[in-house]
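Engineer: The file below is coords.txt, compact mmCIF, C-alpha atoms:
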# COMPACT_ATOMS: atom_id res chain seq x y z
CA MET A 1 112.89 114.81 102.65
CA ASP A 2 112.74 114.44 106.38
CA PRO A 3 112.43 110.67 107.03
CA ALA A 4 110.78 111.24 110.37
CA GLY A 5 107.76 113.00 109.03
CA GLY A 6 107.83 113.20 105.27
CA ALA A 7 107.04 116.14 103.08
CA ALA A 8 103.51 117.42 103.55
CA ARG A 9 101.63 117.98 100.31
CA PRO A 10 98.87 120.55 100.49
CA GLY A 11 95.28 119.73 99.69
CA ARG A 12 92.69 117.13 100.67
CA PHE A 13 93.76 113.93 102.43
CA PHE A 14 92.74 110.58 100.96
CA GLY A 15 94.39 107.52 102.47
CA VAL A 16 94.22 103.73 102.32
CA TYR A 17 95.33 102.12 105.56
CA LEU A 18 96.31 98.75 107.00
CA LEU A 19 94.99 97.76 110.43
CA TYR A 20 96.63 95.10 112.60
CA CYS A 21 94.69 93.30 115.34
CA LEU A 22 96.31 93.29 118.80
CA ASN A 23 93.65 91.11 120.42
CA PRO A 24 95.35 87.84 121.54
CA ARG A 25 92.31 85.85 120.34
CA HIS A 26 92.52 87.35 116.84
CA ARG A 27 96.14 88.50 116.74
CA GLY A 28 97.57 88.71 113.27
CA ARG A 29 94.35 89.65 111.51
CA VAL A 30 94.53 92.64 109.22
CA TYR A 31 92.05 94.98 107.59
CA VAL A 32 92.39 97.38 104.65
CA GLY A 33 90.24 100.50 104.50
CA PHE A 34 89.86 104.02 103.13
CA THR A 35 89.77 107.23 105.18
CA VAL A 36 90.02 111.00 105.05
CA ASN A 37 90.79 111.16 108.79
CA PRO A 38 93.10 108.37 110.09
CA ALA A 39 92.85 109.23 113.80
CA ARG A 40 89.06 109.30 113.76
CA ARG A 41 88.81 106.18 111.62
CA VAL A 42 90.86 103.94 113.91
CA GLN A 43 88.74 105.12 116.86
CA GLN A 44 85.61 104.12 114.96
CA HIS A 45 87.03 100.66 114.31
CA ASN A 46 87.85 100.17 117.99
CA ARG A 47 84.43 101.42 119.14
CA GLY A 48 82.55 98.92 116.99
CA ARG A 49 80.19 99.09 114.05
CA LYS A 50 77.52 101.06 115.90
CA LYS A 51 80.07 103.86 116.27
CA GLY A 52 81.05 103.87 112.59
CA GLY A 53 83.46 100.92 112.47
CA ALA A 54 83.33 97.99 110.06
CA TRP A 55 81.64 94.70 110.90
CA ARG A 56 84.85 92.77 110.10
CA THR A 57 86.68 94.65 112.86
CA SER A 58 83.80 95.08 115.31
CA GLY A 59 84.29 93.22 118.58
CA ARG A 60 87.79 92.02 117.64
CA GLY A 61 89.82 94.99 118.84
CA PRO A 62 91.99 96.62 119.79
CA TRP A 63 93.15 97.48 116.29
CA GLU A 64 96.23 99.48 115.43
CA MET A 65 96.63 101.47 112.22
CA VAL A 66 100.21 100.56 111.33
CA LEU A 67 100.56 101.84 107.77
CA ILE A 68 98.79 104.23 105.42
CA VAL A 69 99.27 105.11 101.75
CA HIS A 70 98.25 108.66 100.91
CA GLY A 71 98.61 111.28 98.19
CA PHE A 72 95.72 110.12 96.01
CA PRO A 73 94.30 112.85 93.76
CA SER A 74 90.69 111.98 94.67
CA ALA A 75 88.52 109.80 96.88
CA VAL A 76 87.66 107.64 93.86
CA ALA A 77 91.33 106.94 93.14
CA ALA A 78 91.89 105.94 96.77
CA LEU A 79 88.79 103.74 96.85
CA ARG A 80 89.92 101.90 93.73
CA PHE A 81 93.31 101.32 95.34
CA GLU A 82 91.58 100.05 98.48
CA TRP A 83 89.45 97.60 96.50
CA ALA A 84 92.43 96.19 94.60
CA TRP A 85 94.43 95.80 97.83
CA GLN A 86 91.50 93.97 99.41
CA HIS A 87 90.89 91.77 96.33
CA PRO A 88 94.22 91.27 94.53
CA GLN A 89 93.03 88.00 93.00
CA ALA A 90 90.16 89.85 91.29
CA SER A 91 92.23 92.75 89.94
CA ARG A 92 93.52 92.28 86.40
CA ARG A 93 96.36 94.68 87.18
CA LEU A 94 97.63 92.29 89.87
CA ALA A 95 97.36 89.03 87.94
CA HIS A 96 101.13 88.60 88.30
CA VAL A 97 100.91 88.55 92.12
CA GLY A 98 100.79 85.04 93.47
CA PRO A 99 98.13 83.95 96.01
CA ARG A 100 98.82 83.88 99.72
CA LEU A 101 101.04 81.00 100.74
CA ARG A 102 100.04 78.63 103.53
CA SER A 103 103.01 79.67 105.62
CA GLU A 104 102.56 83.38 104.86
CA ALA A 105 101.04 85.60 107.54
CA ALA A 106 98.21 87.89 106.50
CA PHE A 107 100.31 90.94 107.34
CA ALA A 108 103.22 89.78 105.18
CA PHE A 109 100.88 88.92 102.30
CA HIS A 110 99.26 92.35 102.33
CA LEU A 111 102.67 94.01 102.30
CA ARG A 112 103.68 91.85 99.33
CA VAL A 113 100.54 92.87 97.47
CA LEU A 114 101.14 96.53 98.32
CA ALA A 115 104.70 96.39 97.03
CA HIS A 116 103.51 95.12 93.65
CA MET A 117 100.65 97.62 93.52
CA LEU A 118 103.06 100.53 93.89
CA ARG A 119 104.92 99.23 90.83
CA ALA A 120 101.83 98.54 88.73
CA PRO A 121 99.93 101.02 86.55
CA PRO A 122 98.13 103.28 87.16
CA TRP A 123 99.30 103.53 90.77
CA ALA A 124 102.99 103.57 89.82
CA ARG A 125 102.55 107.05 88.38
CA LEU A 126 100.62 108.60 91.27
CA PRO A 127 102.35 110.94 93.79
CA LEU A 128 101.85 108.56 96.72
CA THR A 129 103.55 108.36 100.09
CA VAL A 130 103.96 105.14 102.10
CA ARG A 131 103.75 106.08 105.77
CA TRP A 132 104.51 103.77 108.68
CA LEU A 133 102.41 104.88 111.65
CA ARG A 134 104.05 102.23 113.84
CA ALA A 135 107.79 102.01 113.18
CA ASP A 136 108.03 98.73 115.11
CA PHE A 137 105.86 97.08 112.45
CA ARG A 138 108.00 98.30 109.57
CA GLN A 139 109.16 95.77 107.00
CA ASP A 140 111.00 96.37 103.76
CA LEU A 141 108.77 96.21 100.69
CA CYS A 142 109.81 93.91 97.88
CA PRO A 143 109.94 95.11 95.19
CA LEU A 144 110.91 98.55 96.43
CA PRO A 145 108.54 101.46 95.72
CA PRO A 146 109.32 103.70 92.74
CA PRO A 147 111.89 106.45 93.42
CA HIS A 148 109.21 109.16 93.50
CA VAL A 149 107.24 107.39 96.28
CA PRO A 150 108.76 108.46 99.62
CA LEU A 151 108.80 106.43 102.82
CA ALA A 152 107.63 108.39 105.87
CA PHE A 153 107.09 107.76 109.58
CA GLY A 154 104.70 109.07 112.19
CA PRO A 155 101.20 110.55 111.90
CA PRO A 156 100.23 112.30 108.66
CA PRO A 157 100.79 116.05 108.75
CA PRO A 158 97.53 117.94 109.28
CA GLY A 159 96.09 119.38 106.10
CA ALA A 160 95.52 123.11 106.22
CA PRO A 161 93.42 124.83 103.56
CA ALA A 162 95.26 127.58 101.74
CA PRO A 163 94.52 129.98 98.92
CA ARG A 164 94.66 128.42 95.49
CA ARG A 165 97.29 130.88 94.29
CA HIS A 166 99.67 129.76 97.01
CA ALA A 167 102.70 129.61 94.77
CA GLY A 168 103.94 131.23 91.62
CA PRO A 169 103.94 134.81 90.42
CA ALA A 170 100.17 135.19 90.58
CA ALA A 171 100.49 135.34 94.37
CA ASP A 172 102.11 138.76 93.97
CA PRO A 173 99.75 141.14 92.15
CA GLU A 174 102.48 143.78 91.89
CA SER A 175 104.92 141.53 90.06
CA CYS A 176 102.70 140.35 87.25
CA GLU A 177 99.57 141.05 85.30
CA SER A 178 96.13 140.19 86.63
CA ASP A 179 94.76 136.64 86.36
CA ALA A 180 92.39 137.79 83.64
CA GLU A 181 95.40 138.72 81.46
CA ALA A 182 97.71 135.89 82.48
CA ARG A 183 99.07 133.77 79.67
CA CYS A 184 100.64 130.34 79.47
CA THR A 185 104.45 130.51 79.47
CA LEU A 186 104.62 127.67 76.94
CA CYS A 187 101.88 128.39 74.40
CA ALA A 188 101.21 132.09 75.12
CA ARG A 189 97.44 131.51 75.15
CA GLU A 190 95.31 133.05 77.88
CA LEU A 191 94.99 131.15 81.15
CA GLN A 192 91.53 130.50 82.54
CA ASP A 193 90.76 129.54 86.13
CA GLU A 194 88.65 126.61 85.03
CA GLU A 195 91.64 125.18 83.15
CA GLY A 196 93.58 124.81 86.40
CA PRO A 197 96.86 126.55 85.45
CA LEU A 198 100.01 125.15 87.04
CA TYR A 199 102.59 127.33 88.78
CA CYS A 200 106.19 126.59 89.64
CA PRO A 201 106.54 126.69 93.46
CA HIS A 202 110.14 127.94 93.44
CA PRO A 203 110.56 131.58 94.52
CA GLY A 204 111.18 133.97 91.66
CA CYS A 205 110.11 131.55 88.93
CA SER A 206 107.62 133.03 86.48
CA LEU A 207 106.35 129.74 85.04
CA ARG A 208 102.58 129.36 84.73
CA ALA A 209 101.13 126.96 82.23
CA HIS A 210 98.12 124.99 81.09
CA VAL A 211 98.09 121.45 82.48
CA ILE A 212 98.24 119.92 79.00
CA CYS A 213 101.09 122.20 77.90
CA LEU A 214 103.31 121.35 80.87
CA ALA A 215 102.41 117.66 80.64
CA GLU A 216 103.54 117.59 77.01
CA GLU A 217 106.75 119.38 77.99
CA PHE A 218 107.49 116.81 80.72
CA LEU A 219 106.63 113.84 78.48
CA GLN A 220 108.99 114.68 75.63
CA GLU A 221 111.23 111.77 76.66
CA GLU A 222 108.24 109.49 77.43
CA PRO A 223 105.81 110.13 74.56
CA GLU A 224 104.07 106.80 75.11
CA GLN A 225 102.91 107.85 78.59
CA LEU A 226 99.85 109.93 79.42
CA LEU A 227 100.79 111.07 82.93
CA PRO A 228 104.22 112.56 83.77
CA LEU A 229 106.10 111.73 86.93
CA GLU A 230 108.46 114.68 87.03
CA GLY A 231 110.29 117.10 84.80
CA GLN A 232 112.48 120.16 84.63
CA CYS A 233 110.81 123.53 84.99
CA PRO A 234 111.16 125.39 81.67
CA GLY A 235 111.57 128.60 83.66
CA CYS A 236 113.97 128.04 86.57
CA LYS A 237 115.27 124.60 85.46
CA ASN A 238 114.55 123.05 88.87
CA SER A 239 113.22 119.51 89.04
CA LEU A 240 109.46 119.34 89.69
CA LEU A 241 107.30 116.41 90.74
CA TRP A 242 104.08 116.34 88.74
CA GLY A 243 102.07 115.27 91.76
CA ASP A 244 103.24 118.29 93.75
CA LEU A 245 102.17 120.64 90.94
CA ILE A 246 98.71 119.07 90.80
CA TRP A 247 98.30 119.29 94.58
CA LEU A 248 99.20 122.98 94.50
CA CYS A 249 96.67 123.51 91.73
CA ARG A 250 93.94 121.78 93.74
CA MET A 251 94.44 123.82 96.91
CA GLY A 252 91.47 125.82 98.07
CA THR A 253 88.83 123.27 97.14
CA GLU A 254 85.39 123.99 98.57
CA GLU A 255 84.43 120.35 99.11
CA GLU A 256 83.66 119.40 102.70
CA GLU A 257 85.37 116.58 104.56
CA GLU A 258 82.00 115.24 105.70
CA ASP A 259 81.10 114.41 102.09
CA SER A 260 84.11 112.13 101.78
CA GLU A 261 83.43 110.55 105.18
CA LEU A 262 79.91 109.71 104.04
CA GLU A 263 81.38 108.22 100.87
CA GLU A 264 83.79 106.23 103.00
CA GLU A 265 80.95 104.73 105.04
CA HIS A 266 78.88 104.07 101.91
CA TRP A 267 81.69 102.20 100.15
CA THR A 268 82.63 100.28 103.28
CA ASP A 269 79.07 99.08 103.76
CA MET A 270 78.71 98.22 100.06
CA LEU A 271 81.93 96.21 99.94
CA GLU A 272 81.17 94.31 103.13
CA THR A 273 77.62 93.23 102.28
Mind turning this structure into structure tokens?

Structural biologist:
Amino acid sequence: MDPAGGAARPGRFFGVYLLYCLNPRHRGRVYVGFTVNPARRVQQHNRGRKKGGAWRTSGRGPWEMVLIVHGFPSAVAALRFEWAWQHPQASRRLAHVGPRLRSEAAFAFHLRVLAHMLRAPPWARLPLTVRWLRADFRQDLCPLPPPHVPLAFGPPPPGAPAPRRHAGPAADPESCESDAEARCTLCARELQDEEGPLYCPHPGCSLRAHVICLAEEFLQEEPEQLLPLEGQCPGCKNSLLWGDLIWLCRMGTEEEEEDSELEEEHWTDMLET
């Protein structure tokens, strides 16, 4: 993966960010929030609450968005991550994380909490990316993120809608049967659009499978788990990240970004009252 930008996963963008206050009077303060549009969100924070910002950041700017975690499968998953990062002492999944030390800066504490979150279930099995938007703020996380969680730098790549059948043999109507006749490579049962069939993204690979069938294939060595991290394609034998397969499956959603932005504002107001 290119360390300068990171691999762009297709689909909707859901991120949880960390703001750092540059105002000399409030320098060192931080804020954790959720967004579907990082550039717009940081502008809202710096313009004040009347322009869509949060009351905890209003009038204390300028704020800089220095880090964002993205790759969440849904807005709800990102919002739950945001809440736990904001309230680690109240999250049962973070009971092992010690409270903030007297000598510990707020920024360092939030990075410590984040490092443990990335190693704790259920977040440890999500296809997340940790992205430093300001490289000069970068600090090593301890413990290190799981191997499947990449470290990236710079602004998030713009998300571009694409047809759902972006990858796999179904993209070529001349090379395979119609979707109505398509069958799962693993169980040979008919594939239905509502079942969200998964396709191998590697050129020339004919794999297409039900989500549950491919999940069971990937979890043969981890039968106690419910969600795979990665596995070997039964067709072309290439290594596949589960998160990438799900993102490809979810491409072409008809949901509007404004709906998530409204949800963002609703949750922000609810959590701050």

Engineer: What's the 6 Å shell around stretch 115-126 of chain A, counting only C-alpha atoms, without same-chain residues fewer than 2 positions away, as a ChimeraX atom specification?

Structural biologist: /A:112-113,128,141-143,145

Engineer: What separation in Å, quoted to one decimal, exists between atom CA of A:Cys184 and atom CA of A:Asn238?

Structural biologist: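 A separation of 18.3 Å between them.
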
Engineer: Give the answer as one residue: which of A:Pro228, A:Pro157, A:Gly61, A:Gly15 has the shortest atom-to-atom distance to A:Glu82, using only C-alpha atoms?

Structural biologist: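 Once distances to A:Glu82 are computed over only C-alpha atoms, the minimum belongs to A:Gly15.
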
Engineer: To one decimal in Å, tell me the separation between atom CA of A:Cys213 and atom CA of A:Leu240.

Structural biologist: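 Between atom CA of A:Cys213 and atom CA of A:Leu240 the gap works out to 14.7 Å.
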
Engineer: Record the distance separating atom CA of A:Ala95 and atom CA of A:Phe137, expressed in Å with one decimal.

Structural biologist: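 Between atom CA of A:Ala95 and atom CA of A:Phe137 the gap is 27.2 Å.
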
Engineer: So which one's closest to A:Phe109, A:Ala84, A:Leu133, A:Val30, A:Ala54? Using all atoms listed in the file, please.

Structural biologist: A:Val30

Engineer: Counting only C-alpha atoms, which of A:Gln220, A:Gly71, A:Arg47, A:Ala188 gets nearest to A:Leu207?

Structural biologist: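 Once distances to A:Leu207 are computed over only C-alpha atoms, the minimum belongs to A:Ala188.
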
Engineer: Can you pull out every residue within 12 Å of A:Arg80, counting all atoms listed in the file, but drop anything in the same chain fewer than 3 positions away, and send it as a list in words?

Structural biologist: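 After dropping sequence-adjacent residues, the list is Phe14, Gly15, Val16, Gly33, Phe34, Phe72, Pro73, Ser74, Ala75, Val76, Ala77, Trp83, Ala84, Trp85, Gln86, His87, Pro88, Ser91, Arg93, Met117, Pro122, Trp123, Glu264, Trp267 and Leu271 of chain A.
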
Engineer: Name the closest residue to A:Ala39 among the candidates A:Phe81, A:Trp242, A:Tyr17, A:Tyr199; distances are taken between atoms, counting only C-alpha atoms.

Structural biologist: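 Comparing A:Phe81, A:Trp242, A:Tyr17, A:Tyr199 against A:Ala39, the winner is A:Tyr17.
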
Engineer: Using all atoms listed in the file, pick whichever of A:Arg60, A:Arg208, A:Arg41, A:Arg183 has the shortest atom-to-atom distance to A:Pro234.

Structural biologist: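 Distance minimum relative to A:Pro234 lands on A:Arg208.
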